[in-house]
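Student: Next up is a structure, given as structure tokens.
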2 protein chains.
Amino acid sequence: MISQSIIRELKKIVGQEHLLTDREDMLTYSYDAAVLDSQMPSAAVLPGTAPEVGKIITLCHENHIPITVRGSGTNLSGGTIPQASGIVLLTGRLNKILEINEQDMYAVVQPGVVTAALAAAVEKRGLFYPPDPGSQAVSTLGGNVAENAGGLRGLKYGVTKDYVMGLHFFDAQGRYVKTGSRTVKCATGYNITGLMTGSEGTLGILDEIILKLIPAPAARQSMVAVYDTIEQASEAVAGIIAAHIVPATLEILDNFTIRAVEDYSHAGLPIDAAALLLIEVDGHPAVVAEEGEKVEALCRRMGAGNIKRAETDEERDKIWSARRSALSALAKLKPTLVLEDATVPRSKIPDMVRALQEIAKTHRIDIGTFGHAGDGNLHPTILTDRRNKEEFKRVEEAIEAIFDKALSLGGTLSGEHGTGIAKAPFLEKEAGWSSILFSRQLRAALDPRNILNPGKITGVSQEGRH
Amino acid sequence: MISQSIIRELKKIVGQEHLLTDREDMLTYSYDAAVLDSQMPSAAVLPGTAPEVGKIITLCHENHIPITVRGSGTNLSGGTIPQASGIVLLTGRLNKILEINEQDMYAVVQPGVVTAALAAAVEKRGLFYPPDPGSQAVSTLGGNVAENAGGLRGLKYGVTKDYVMGLHFFDAQGRYVKTGSRTVKCATGYNITGLMTGSEGTLGILDEIILKLIPAPAARQSMVAVYDTIEQASEAVAGIIAAHIVPATLEILDNFTIRAVEDYSHAGLPIDAAALLLIEVDGHPAVVAEEGEKVEALCRRMGAGNIKRAETDEERDKIWSARRSALSALAKLKPTLVLEDATVPRSKIPDMVRALQEIAKTHRIDIGTFGHAGDGNLHPTILTDRRNKEEFKRVEEAIEAIFDKALSLGGTLSGEHGTGIAKAPFLEKEAGWSSILFSRQLRAALDPRNILNPGKITGVSQEGRH
């Protein structure tokens with residue numbers, strides 16, 4: 001617990017009404033969307049200005065107090081679970097869009113701006129901010145940058161890091177660091193912008209984010225392809241990629257997920273289908289027409305029984321809001337939902353899908369599978385009850401089996417959900433011990449008192465090394 | 001100078017024929033394409049395998065010997081100028097394309113592979129590696145990654161960092177670090193891949209580079225628009241960008257450059273034109289046709305007297321080889337050529353062009369201007385004779401005036417040529433002292449003996465701070 005004098009100092013910085021210490025509030029900030037032990041912080045602060053952020057960091061640095069920055073807490077790897085001896089810094093009041101530059105196609109935002117709010121604001125001006133994490137309706141851009149968040153459009157448009165042109169942030173010692181630029185090219189100094197993106201609040205606290213915008217696509221075509229087996233659906237994904245067609249979105253849902261989603265959203269999905277592919281192509285109308293045809297033909301050749309195109313905006317929205325409800329829909333089914341994020345080279349999607357079925361069988365658990373198949377980024381989703389220790393042990397073994405399979409296929413532990421606490425013990429498997437040492441040296445130099453989101457990313461090794 | 005026993009050790013590692021110490025060889029590696037004092041190294045080594053690279057670093061680390069990695073030495077900011085007490089590590093023998101994966105669209109290469117060689121190899125398979133620095137015919141991919149090199153296609157396709165999916169490298173202590181992945185998304189651990197890209201050989205020595213490939217565009221249309229004033233040409237650039245058209249390439253040449261290029265390449269450029277825009281749109285044939293029309297109409301509206309489209313591949317190649325010869329053509333005119341790289345938000349191109357004309361007048365020097373106008377990335381080129389001290393002083397003042405103007409327009413010192421030695425003293429102007437301290441702490445932690453390319457990027461401050 002932090003001392004009363006620190007509490008008084010924090011109050012002085014942000015004002016009484018922006019400092020929270022009640023037990024109810026601390027409970028709210030004790031967990032995120034990952035299945036991990038919760039941890040109540042000592043206090044939560046809501047700074048309203050950059051100087052306030054700087055003062056908070058300086059105070060915490062001087063007094064060795066851990067700070068965990070939190071946007072909307074939608075993190076799926078425990079990256080926003082705080083320390084008992086530390087504070088949570090909430091970005092909710094730092095929520096202004098500072099600039100949308102139409103001519104030069106960039107936006108400058110504070111970290112607490114909600115992803116969908118920026119997307120809507122730039123859309124009004126004919127521009128497009130593509131990264132669209134599943135949680136975009138509530139997630140913040142600061143959180144997206146901290147996690148290098150992905151989304152449904154990653155296949156064609158990339159992920160958050162592909163849009164971060166520059167960052168201004170306070171480092172662990174309270175210094176104000178500027179990196180990157182409002183220009184589309186910048187090769188001055190180290191690419192600190194790249195390093196900060198995905199650093200999960202461990203290297204600095206963001207003040208301003210400069211984001212690249214692009215012209216909005218002129219046309220879009222969405223479709224749903226229905227399959228009798230998930231193997232066929234996954235082969236179709238590999239076939240589309242191998243034909244060098246790049247849809248904006250190429251998602252898969254297995255029968256388990258289809259049923260859950262339909263029950264939740266009543267979108268009219270065929271609940272007897274073994275699997276669905278939800279596909280959108282976008283761009284120039286001629287490209288959309290041609291790629292739409294090609295994708296449809298490929299899907300049929302790969303065994304799609306039925307393909308339904310969205311004929312209206314309403315039909316299109318129905319498809320995507322159904323897809324976006326998958327996580328919520330699955331979460332209703334059992335007390336505990338573990339959402340994994342292992343990612344493989346795209347041609348290995350059929351292998352991964354087969355492996356997931358075997359792993360479910362071997363470990364006697366339910367795995368629903370959906371996700372960004374076109375990116376090689378599946379979200380195998382395990383439904384369980386954490387209180388059932390015997391079953392949860394099998395779940396943990398299954399998760400490790402998923403990681404091992406993804407790595408053996410040339411993949412990665414996490415495509416877009418970050419490392420956090422959940423994957424830190426497995427990092428060595430993927431990157432090796434040298435990479436962890438390299439990361440730790442870097443981190444220790446930039447945060448010598450280990451106050452910025454301690455315990456995340458570069459955590460304990462599975463082999464028991466520290 | 002390094003000792004004879006170190007020379008013997010190096011010989012043992014790479015073999016006698018791959019260790020160079022002759023004065024002629026040392027002269028060859030004493031400079032690069034930047035206008036800076038040369039510096040002879042103590043030796044140059046040509047390792048042939050990754051374990052040899054590892055052993056060289058370990059030896060140098062143990063003995064505090066600086067290592068400067070060099071590809072083809074086309075660096076324009078002094079990033080490959082070595083230390084007298086150090087060695088040059090040449091990547092020439094590490095020149096294998098290890099994998100081109102057509103299905104998953106990536107390539108794995110060693111650092112010594114020439115950029116154009118990879119581009120040609122993937123083109124044969126219907127794929128596309130877009131980054132095309134001016135020096136692509138000789139520059140290496142390792143150098144491109146180290147410098148985060150740009151090129152003519154940056155406008156639509158981005159720069160090298162947008163294509164680096166993963167890196168394997170030896171750090172300063174000889175540890176082998178793996179970062180990134182063969183998957184299109186990877187959020188495991190820190191984004192060390194991003195940090196390494198553009199780090200100019202100061203944080204590690206590359207072994208393997210995993211590069212993203214994309215489908216090749218189906219069609220292309222190149223054109224040349226002729227202007228009576230450079231102001232009109234630069235307004236046309238801003239107009240095209242503001243209309244949210246994104247050509248693959250949008251280059252400007254002023255009259256000074258046109259004459260030099262025509263004299264050198266006999267490409268048939270109109271030598272009386274005040275300025276030319278060289279433009280290419282690419283993609284689906286329908287998009288190319290439509291965007292081609294739009295660009296042409298815009299160029300005319302902005303005052304283009306004549307617009308010539310390339311009707312054949314031959315005509316197209318002529319345009320681009322003329323453009324690519326600009327640097328060589330200008331370099332022939334006077335003993336010393338200083339190529340600057342300041343970059344501004346794209347709508348500020350007209351302001352920057354005007355400022356360059358004023359700066360040339362004020363400082364009584366010749367500035368040729370060409371470059372990637374569509375990126376806001378001009379290459380003002382100063383022709384001078386370094387031996388003329390009075391004139392060179394004016395050149396240095398003009399360079400600083402260019403930097404100041406770019407920064408005042410919201411721009412950056414370097415769009416694509418890196419910081420190296422040339423821009424290190426000016427870094428503080430752009431990023432502030434805190435950013436330099438942050439970078440230095442990071443660097444000192446990762447290279448505690450300061451052996452990797454010392455003196456680059458985080459160099460002495462202009463204010464005399466160290």
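We label chains A, B, ... in the order they appear in the structure tokens, count residues from 1 in each chain, and number ligands from 1 in the order shown.
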Could you name the residues that touch A:Arg93 at 12 Å or less, counting only C-alpha atoms, but leaving out those on the same chain fewer than 4 positions away, as a ChimeraX atom specification?

Tutor: /A:14,18,45-50,52-53,70-72,89,97,110-114,140,207

Student: What lies within 8 Å of stretch 332-346 of chain A using only C-alpha atoms, ignoring chain neighbours under 5 positions off, as a ChimeraX atom specification?

Tutor: /A:34-35,76,238,241,260,352,373-386,399,402-403,406-407,409-417 /B:103-104,182-186

Student: Take the selection from the previous step and output its residues with C-alpha atoms, as a JSON list (two decimals), in the first residue's frame.

Tutor:
```json
[["chain", "number", "residue", "atom", "x", "y", "z"],
["A", 34, "ALA", "CA", -7.59, -12.06, -19.33],
["A", 35, "VAL", "CA", -8.23, -15.09, -17.13],
["A", 76, "LEU", "CA", -6.64, -10.05, -23.09],
["A", 238, "ALA", "CA", -5.25, -20.80, -47.79],
["A", 241, "ILE", "CA", -4.18, -16.13, -50.00],
["A", 260, "ALA", "CA", -23.32, -19.15, -29.93],
["A", 352, "MET", "CA", -3.74, -25.35, -37.20],
["A", 373, "ALA", "CA", -8.10, -16.69, -40.66],
["A", 374, "GLY", "CA", -6.72, -14.58, -43.49],
["A", 375, "ASP", "CA", -3.94, -13.35, -41.18],
["A", 376, "GLY", "CA", -3.22, -16.85, -39.87],
["A", 377, "ASN", "CA", -4.55, -15.43, -36.63],
["A", 378, "LEU", "CA", -7.15, -17.77, -35.10],
["A", 379, "HIS", "CA", -8.78, -17.18, -31.76],
["A", 380, "PRO", "CA", -9.27, -20.64, -30.28],
["A", 381, "THR", "CA", -11.64, -20.04, -27.41],
["A", 382, "ILE", "CA", -11.80, -22.38, -24.47],
["A", 383, "LEU", "CA", -14.96, -22.46, -22.40],
["A", 384, "THR", "CA", -14.48, -23.67, -18.88],
["A", 385, "ASP", "CA", -14.98, -22.93, -15.22],
["A", 386, "ARG", "CA", -11.86, -21.78, -13.51],
["A", 399, "ILE", "CA", -3.13, -23.81, -24.10],
["A", 402, "ILE", "CA", -1.74, -24.72, -28.82],
["A", 403, "PHE", "CA", 1.40, -22.60, -28.32],
["A", 406, "ALA", "CA", 1.74, -22.68, -33.49],
["A", 407, "LEU", "CA", 5.50, -22.44, -32.96],
["A", 409, "LEU", "CA", 4.24, -24.36, -37.73],
["A", 410, "GLY", "CA", 6.52, -21.31, -37.80],
["A", 411, "GLY", "CA", 4.04, -19.13, -35.93],
["A", 412, "THR", "CA", 3.90, -16.90, -32.89],
["A", 413, "LEU", "CA", 2.26, -17.01, -29.43],
["A", 414, "SER", "CA", 0.35, -13.82, -29.96],
["A", 415, "GLY", "CA", -0.81, -12.18, -33.15],
["A", 416, "GLU", "CA", -2.47, -9.17, -31.61],
["A", 417, "HIS", "CA", -3.23, -9.58, -27.91],
["B", 103, "GLN", "CA", 2.07, -18.91, -50.52],
["B", 104, "ASP", "CA", 2.65, -16.84, -47.41],
["B", 182, "ARG", "CA", 7.10, -15.26, -40.37],
["B", 183, "THR", "CA", 3.48, -14.41, -39.57],
["B", 184, "VAL", "CA", 1.90, -11.17, -40.77],
["B", 185, "LYS", "CA", 0.94, -10.29, -37.22],
["B", 186, "CYS", "CA", 3.15, -10.69, -34.17]]
```

Student: A:Glu400: which residues within 12 Å, counting only C-alpha atoms, same-chain residues fewer than 2 positions away excluded, as a short mmCIF file (atom, residue, chain, number, x, y, z; two decimals) with N, CA and C atoms, in the first residue's frame?

Tutor:
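Saved result, result-v4.cif, follows:
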```
data_model
loop_
_atom_site.label_atom_id
_atom_site.label_comp_id
_atom_site.auth_asym_id
_atom_site.auth_seq_id
_atom_site.Cartn_x
_atom_site.Cartn_y
_atom_site.Cartn_z
N GLU A 340 -7.53 -17.49 -26.93
CA GLU A 340 -6.13 -17.53 -27.35
C GLU A 340 -5.91 -16.81 -28.67
N ALA A 342 -2.79 -17.47 -30.79
CA ALA A 342 -1.63 -18.00 -31.52
C ALA A 342 -1.85 -17.81 -33.02
N LEU A 356 -6.19 -27.97 -33.57
CA LEU A 356 -7.08 -27.50 -32.50
C LEU A 356 -8.14 -28.55 -32.19
N ILE A 359 -6.43 -31.24 -30.18
CA ILE A 359 -6.12 -30.78 -28.82
C ILE A 359 -7.38 -30.78 -27.96
N HIS A 363 -7.51 -33.25 -24.66
CA HIS A 363 -7.59 -32.66 -23.32
C HIS A 363 -9.04 -32.59 -22.81
N LYS A 393 -6.81 -27.41 -15.14
CA LYS A 393 -5.46 -27.93 -15.39
C LYS A 393 -5.37 -28.44 -16.83
N ARG A 394 -6.43 -29.14 -17.26
CA ARG A 394 -6.44 -29.62 -18.65
C ARG A 394 -6.48 -28.45 -19.63
N VAL A 395 -7.19 -27.39 -19.25
CA VAL A 395 -7.23 -26.18 -20.10
C VAL A 395 -5.82 -25.61 -20.26
N GLU A 396 -5.11 -25.51 -19.13
CA GLU A 396 -3.76 -24.95 -19.19
C GLU A 396 -2.83 -25.81 -20.07
N GLU A 397 -3.02 -27.12 -19.95
CA GLU A 397 -2.22 -28.01 -20.80
C GLU A 397 -2.58 -27.82 -22.28
N ALA A 398 -3.87 -27.65 -22.52
CA ALA A 398 -4.31 -27.44 -23.92
C ALA A 398 -3.72 -26.15 -24.47
N ILE A 402 -1.44 -25.66 -27.72
CA ILE A 402 -1.74 -24.72 -28.82
C ILE A 402 -0.49 -23.90 -29.16
N PHE A 403 0.17 -23.38 -28.10
CA PHE A 403 1.40 -22.60 -28.32
C PHE A 403 2.43 -23.44 -29.07
N ASP A 404 2.63 -24.67 -28.58
CA ASP A 404 3.67 -25.52 -29.18
C ASP A 404 3.37 -25.78 -30.65
N LYS A 405 2.09 -26.02 -30.93
CA LYS A 405 1.72 -26.30 -32.33
C LYS A 405 1.98 -25.07 -33.20
N ALA A 406 1.55 -23.91 -32.70
CA ALA A 406 1.74 -22.68 -33.49
C ALA A 406 3.22 -22.46 -33.78
N LEU A 407 4.06 -22.65 -32.76
CA LEU A 407 5.50 -22.44 -32.96
C LEU A 407 6.06 -23.47 -33.94
N LEU A 413 3.17 -16.84 -30.56
CA LEU A 413 2.26 -17.01 -29.43
C LEU A 413 1.09 -16.05 -29.49
N ALA A 422 0.05 -13.12 -19.19
CA ALA A 422 -0.39 -14.45 -19.62
C ALA A 422 0.66 -15.18 -20.45
N LYS A 423 1.35 -14.44 -21.33
CA LYS A 423 2.27 -15.14 -22.24
C LYS A 423 3.73 -14.97 -21.87
N PRO A 425 5.54 -16.15 -19.50
CA PRO A 425 6.31 -17.37 -19.20
C PRO A 425 6.65 -18.19 -20.44
N PHE A 426 5.97 -17.94 -21.54
CA PHE A 426 6.18 -18.75 -22.73
C PHE A 426 7.05 -18.06 -23.77
N LEU A 427 7.41 -16.80 -23.47
CA LEU A 427 8.16 -16.00 -24.45
C LEU A 427 9.46 -16.68 -24.86
N LYS A 429 10.12 -19.75 -25.24
CA LYS A 429 9.89 -20.80 -26.24
C LYS A 429 9.97 -20.23 -27.65
N GLN A 462 9.78 -19.87 -18.16
CA GLN A 462 9.14 -21.14 -17.84
C GLN A 462 10.14 -22.12 -17.23
#
```

Student: Could you work out how far atom CA of B:Val237 lies from atom CA of B:Gly151, giving the answer in Å with one decimal?

Tutor: 17.1 Å

Student: Could you give me the residues within stretch 161-223 of chain B that DSSP places in strand (DSSP E), as a list of chain:residue names?

Tutor: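 DSSP-assigned strand (DSSP E) residues in stretch 161-223 of chain B: B:Val164, B:Met165, B:Gly166, B:Leu167, B:His168, B:Phe169, B:Phe170, B:Tyr176, B:Val177, B:Lys178, B:Thr179, B:Gly180, B:Ile205, B:Leu206, B:Asp207, B:Glu208, B:Ile209, B:Ile210, B:Leu211, B:Lys212, B:Ile214, B:Pro215, B:Ala219, B:Arg220, B:Gln221, B:Ser222, B:Met223.
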
Student: Export, as a PDB file, in the first residue's frame, the selected residues with N, CA and C atoms.

Tutor:
```
ATOM      1  N   VAL B 164       9.611  -5.122 -42.923  1.00  0.00           N
ATOM      2  CA  VAL B 164      10.429  -5.995 -42.076  1.00  0.00           C
ATOM      3  C   VAL B 164       9.524  -6.713 -41.080  1.00  0.00           C
ATOM      4  N   MET B 165       9.347  -8.003 -41.271  1.00  0.00           N
ATOM      5  CA  MET B 165       8.484  -8.794 -40.383  1.00  0.00           C
ATOM      6  C   MET B 165       9.254  -9.361 -39.196  1.00  0.00           C
ATOM      7  N   GLY B 166      10.526  -9.607 -39.405  1.00  0.00           N
ATOM      8  CA  GLY B 166      11.312 -10.184 -38.321  1.00  0.00           C
ATOM      9  C   GLY B 166      12.792 -10.082 -38.617  1.00  0.00           C
ATOM     10  N   LEU B 167      13.598 -10.161 -37.560  1.00  0.00           N
ATOM     11  CA  LEU B 167      15.047 -10.069 -37.694  1.00  0.00           C
ATOM     12  C   LEU B 167      15.703 -11.055 -36.740  1.00  0.00           C
ATOM     13  N   HIS B 168      16.773 -11.664 -37.190  1.00  0.00           N
ATOM     14  CA  HIS B 168      17.654 -12.416 -36.291  1.00  0.00           C
ATOM     15  C   HIS B 168      18.987 -11.686 -36.323  1.00  0.00           C
ATOM     16  N   PHE B 169      19.531 -11.401 -35.147  1.00  0.00           N
ATOM     17  CA  PHE B 169      20.780 -10.635 -35.136  1.00  0.00           C
ATOM     18  C   PHE B 169      21.624 -10.977 -33.920  1.00  0.00           C
ATOM     19  N   PHE B 170      22.900 -10.644 -34.020  1.00  0.00           N
ATOM     20  CA  PHE B 170      23.802 -10.743 -32.874  1.00  0.00           C
ATOM     21  C   PHE B 170      23.818  -9.391 -32.182  1.00  0.00           C
ATOM     22  N   TYR B 176      22.642 -14.169 -29.697  1.00  0.00           N
ATOM     23  CA  TYR B 176      21.813 -14.281 -30.893  1.00  0.00           C
ATOM     24  C   TYR B 176      20.365 -13.992 -30.524  1.00  0.00           C
ATOM     25  N   VAL B 177      19.822 -12.909 -31.055  1.00  0.00           N
ATOM     26  CA  VAL B 177      18.478 -12.458 -30.685  1.00  0.00           C
ATOM     27  C   VAL B 177      17.525 -12.663 -31.861  1.00  0.00           C
ATOM     28  N   LYS B 178      16.370 -13.269 -31.553  1.00  0.00           N
ATOM     29  CA  LYS B 178      15.347 -13.454 -32.584  1.00  0.00           C
ATOM     30  C   LYS B 178      14.149 -12.585 -32.246  1.00  0.00           C
ATOM     31  N   THR B 179      13.666 -11.870 -33.236  1.00  0.00           N
ATOM     32  CA  THR B 179      12.536 -10.988 -32.991  1.00  0.00           C
ATOM     33  C   THR B 179      11.634 -10.966 -34.213  1.00  0.00           C
ATOM     34  N   GLY B 180      10.347 -10.786 -33.990  1.00  0.00           N
ATOM     35  CA  GLY B 180       9.389 -10.827 -35.087  1.00  0.00           C
ATOM     36  C   GLY B 180       9.087 -12.255 -35.489  1.00  0.00           C
ATOM     37  N   ILE B 205      24.114  -6.771 -35.138  1.00  0.00           N
ATOM     38  CA  ILE B 205      24.546  -7.070 -36.506  1.00  0.00           C
ATOM     39  C   ILE B 205      23.620  -8.140 -37.058  1.00  0.00           C
ATOM     40  N   LEU B 206      22.967  -7.823 -38.164  1.00  0.00           N
ATOM     41  CA  LEU B 206      21.908  -8.676 -38.700  1.00  0.00           C
ATOM     42  C   LEU B 206      22.442  -9.997 -39.241  1.00  0.00           C
ATOM     43  N   ASP B 207      21.657 -11.039 -39.020  1.00  0.00           N
ATOM     44  CA  ASP B 207      21.955 -12.320 -39.646  1.00  0.00           C
ATOM     45  C   ASP B 207      20.889 -12.677 -40.678  1.00  0.00           C
ATOM     46  N   GLU B 208      19.622 -12.710 -40.240  1.00  0.00           N
ATOM     47  CA  GLU B 208      18.542 -13.023 -41.173  1.00  0.00           C
ATOM     48  C   GLU B 208      17.479 -11.932 -41.117  1.00  0.00           C
ATOM     49  N   ILE B 209      16.933 -11.620 -42.273  1.00  0.00           N
ATOM     50  CA  ILE B 209      15.900 -10.596 -42.393  1.00  0.00           C
ATOM     51  C   ILE B 209      14.669 -11.240 -43.032  1.00  0.00           C
ATOM     52  N   ILE B 210      13.531 -11.144 -42.344  1.00  0.00           N
ATOM     53  CA  ILE B 210      12.286 -11.676 -42.907  1.00  0.00           C
ATOM     54  C   ILE B 210      11.498 -10.498 -43.471  1.00  0.00           C
ATOM     55  N   LEU B 211      11.246 -10.514 -44.767  1.00  0.00           N
ATOM     56  CA  LEU B 211      10.614  -9.379 -45.439  1.00  0.00           C
ATOM     57  C   LEU B 211       9.257  -9.753 -46.002  1.00  0.00           C
ATOM     58  N   LYS B 212       8.323  -8.871 -45.786  1.00  0.00           N
ATOM     59  CA  LYS B 212       6.986  -9.050 -46.330  1.00  0.00           C
ATOM     60  C   LYS B 212       6.984  -8.786 -47.833  1.00  0.00           C
ATOM     61  N   ILE B 214       4.258  -8.511 -51.358  1.00  0.00           N
ATOM     62  CA  ILE B 214       2.842  -8.308 -51.697  1.00  0.00           C
ATOM     63  C   ILE B 214       2.613  -8.723 -53.149  1.00  0.00           C
ATOM     64  N   PRO B 215       1.347  -8.916 -53.530  1.00  0.00           N
ATOM     65  CA  PRO B 215       1.085  -9.254 -54.935  1.00  0.00           C
ATOM     66  C   PRO B 215       1.521  -8.092 -55.833  1.00  0.00           C
ATOM     67  N   ALA B 219      -1.201  -3.489 -63.369  1.00  0.00           N
ATOM     68  CA  ALA B 219      -0.979  -2.496 -64.431  1.00  0.00           C
ATOM     69  C   ALA B 219      -0.264  -1.272 -63.862  1.00  0.00           C
ATOM     70  N   ARG B 220       0.348  -0.517 -64.780  1.00  0.00           N
ATOM     71  CA  ARG B 220       1.095   0.688 -64.393  1.00  0.00           C
ATOM     72  C   ARG B 220       0.947   1.734 -65.484  1.00  0.00           C
ATOM     73  N   GLN B 221       0.937   2.986 -65.092  1.00  0.00           N
ATOM     74  CA  GLN B 221       0.959   4.056 -66.094  1.00  0.00           C
ATOM     75  C   GLN B 221       1.889   5.155 -65.597  1.00  0.00           C
ATOM     76  N   SER B 222       2.878   5.461 -66.410  1.00  0.00           N
ATOM     77  CA  SER B 222       3.813   6.533 -66.047  1.00  0.00           C
ATOM     78  C   SER B 222       3.573   7.735 -66.933  1.00  0.00           C
ATOM     79  N   MET B 223       3.829   8.905 -66.386  1.00  0.00           N
ATOM     80  CA  MET B 223       3.684  10.125 -67.190  1.00  0.00           C
ATOM     81  C   MET B 223       4.638  11.203 -66.707  1.00  0.00           C
TER      82      MET B 223
END
```

Student: Just the residues within 8 Å of B:Leu446, please, counting only C-alpha atoms, with nothing from its chain fewer than 5 positions along; format it as a PyMOL selection string.

Tutor: (chain A and resi 438+441-442) or (chain B and resi 171-172+203)

Student: Any chance you can output those residues with N, CA, C and O atoms as a PDB file, in the first residue's frame?

Tutor:
```pdb
ATOM      1  N   PHE A 438      18.022  -9.363 -23.790  1.00  0.00           N
ATOM      2  CA  PHE A 438      18.126  -8.117 -24.562  1.00  0.00           C
ATOM      3  C   PHE A 438      17.001  -7.157 -24.168  1.00  0.00           C
ATOM      4  O   PHE A 438      17.232  -5.983 -23.876  1.00  0.00           O
ATOM      5  N   GLN A 441      17.458  -5.814 -20.549  1.00  0.00           N
ATOM      6  CA  GLN A 441      18.498  -4.790 -20.419  1.00  0.00           C
ATOM      7  C   GLN A 441      17.978  -3.451 -20.893  1.00  0.00           C
ATOM      8  O   GLN A 441      18.195  -2.409 -20.272  1.00  0.00           O
ATOM      9  N   LEU A 442      17.291  -3.513 -22.021  1.00  0.00           N
ATOM     10  CA  LEU A 442      16.693  -2.314 -22.601  1.00  0.00           C
ATOM     11  C   LEU A 442      15.733  -1.678 -21.590  1.00  0.00           C
ATOM     12  O   LEU A 442      15.790  -0.482 -21.297  1.00  0.00           O
TER      13      LEU A 442
ATOM     14  N   ASP B 171      23.637  -9.382 -30.869  1.00  0.00           N
ATOM     15  CA  ASP B 171      23.744  -8.100 -30.180  1.00  0.00           C
ATOM     16  C   ASP B 171      25.214  -7.801 -29.863  1.00  0.00           C
ATOM     17  O   ASP B 171      26.114  -8.567 -30.239  1.00  0.00           O
ATOM     18  N   ALA B 172      25.442  -6.675 -29.194  1.00  0.00           N
ATOM     19  CA  ALA B 172      26.822  -6.209 -28.974  1.00  0.00           C
ATOM     20  C   ALA B 172      27.635  -7.170 -28.121  1.00  0.00           C
ATOM     21  O   ALA B 172      28.867  -7.118 -28.105  1.00  0.00           O
ATOM     22  N   LEU B 203      22.947  -1.311 -32.710  1.00  0.00           N
ATOM     23  CA  LEU B 203      22.332  -2.151 -31.676  1.00  0.00           C
ATOM     24  C   LEU B 203      22.531  -3.640 -31.928  1.00  0.00           C
ATOM     25  O   LEU B 203      22.194  -4.461 -31.079  1.00  0.00           O
TER      26      LEU B 203
END
```

Student: At a cut-off of 12 Å, using only C-alpha atoms, what residues contact A:Ile240? Leave out same-chain residues fewer than 2 positions from it and give the result as JSON, numbers by chain.

Tutor: {"A": [155, 233, 234, 235, 236, 237, 238, 242, 243, 244, 245, 246, 247, 249, 250, 277, 279, 281, 291, 292, 293, 294, 295, 296, 297, 298, 299, 300, 301, 302, 346, 347, 349, 373, 374, 375], "B": [103, 104]}

Student: Export C-alpha atoms of the chosen residues as a short mmCIF file (atom, residue, chain, number, x, y, z; two decimals), in the first residue's frame?

Tutor:
```
data_model
loop_
_atom_site.label_atom_id
_atom_site.label_comp_id
_atom_site.auth_asym_id
_atom_site.auth_seq_id
_atom_site.Cartn_x
_atom_site.Cartn_y
_atom_site.Cartn_z
CA LEU A 155 -5.08 -8.81 -43.70
CA ALA A 233 -13.25 -23.64 -45.03
CA SER A 234 -9.65 -23.45 -43.88
CA GLU A 235 -8.40 -24.78 -47.23
CA ALA A 236 -10.43 -22.04 -48.92
CA VAL A 237 -8.63 -19.43 -46.79
CA ALA A 238 -5.25 -20.80 -47.79
CA ALA A 242 -2.18 -18.36 -52.33
CA ALA A 243 -4.08 -16.85 -55.30
CA HIS A 244 -2.64 -13.50 -54.12
CA ILE A 245 -6.05 -11.97 -53.56
CA VAL A 246 -6.01 -9.72 -50.51
CA PRO A 247 -9.49 -9.22 -49.06
CA THR A 249 -11.32 -9.13 -44.11
CA LEU A 250 -11.33 -12.92 -44.15
CA LEU A 277 -16.12 -17.69 -43.95
CA ILE A 279 -15.31 -12.07 -46.33
CA VAL A 281 -13.28 -7.08 -50.41
CA GLU A 291 -12.14 -9.73 -56.62
CA GLY A 292 -15.64 -10.51 -55.34
CA GLU A 293 -16.16 -12.85 -58.32
CA LYS A 294 -12.76 -14.47 -57.88
CA VAL A 295 -13.22 -15.04 -54.17
CA GLU A 296 -16.66 -16.50 -54.73
CA ALA A 297 -15.39 -18.87 -57.42
CA LEU A 298 -12.51 -19.94 -55.19
CA CYS A 299 -14.81 -20.52 -52.24
CA ARG A 300 -17.07 -22.68 -54.37
CA ARG A 301 -14.17 -24.65 -55.80
CA MET A 302 -13.08 -25.32 -52.23
CA ARG A 346 -1.39 -18.24 -43.50
CA SER A 347 -0.90 -21.38 -45.53
CA ILE A 349 -4.32 -22.44 -41.24
CA ALA A 373 -8.10 -16.69 -40.66
CA GLY A 374 -6.72 -14.58 -43.49
CA ASP A 375 -3.94 -13.35 -41.18
CA GLN B 103 2.07 -18.91 -50.52
CA ASP B 104 2.65 -16.84 -47.41
#
```

Student: Find the residues near A:Asp132: any atom within 9 Å, counting only C-alpha atoms, skip ones fewer than 3 places away on the same chain, and give them as a PyMOL selection string.

Tutor: chain A and resi 115-116+119+129+135-136+149-154+159-160

Student: Go through A:Arg443, A:His64, A:Arg259, A:Lys11 and flag the residue nearest chain B, using only C-alpha atoms for the distances.

Tutor: A:Arg443

Student: Tell me, as a ChimeraX atom specification, which residues lie within 12 Å of B:Ile7, counting only C-alpha atoms; anything in the same chain fewer than 3 positions away does not count.

Tutor: /B:1-4,10-16,18-21,42-45,56,59-60,63,65,86-87
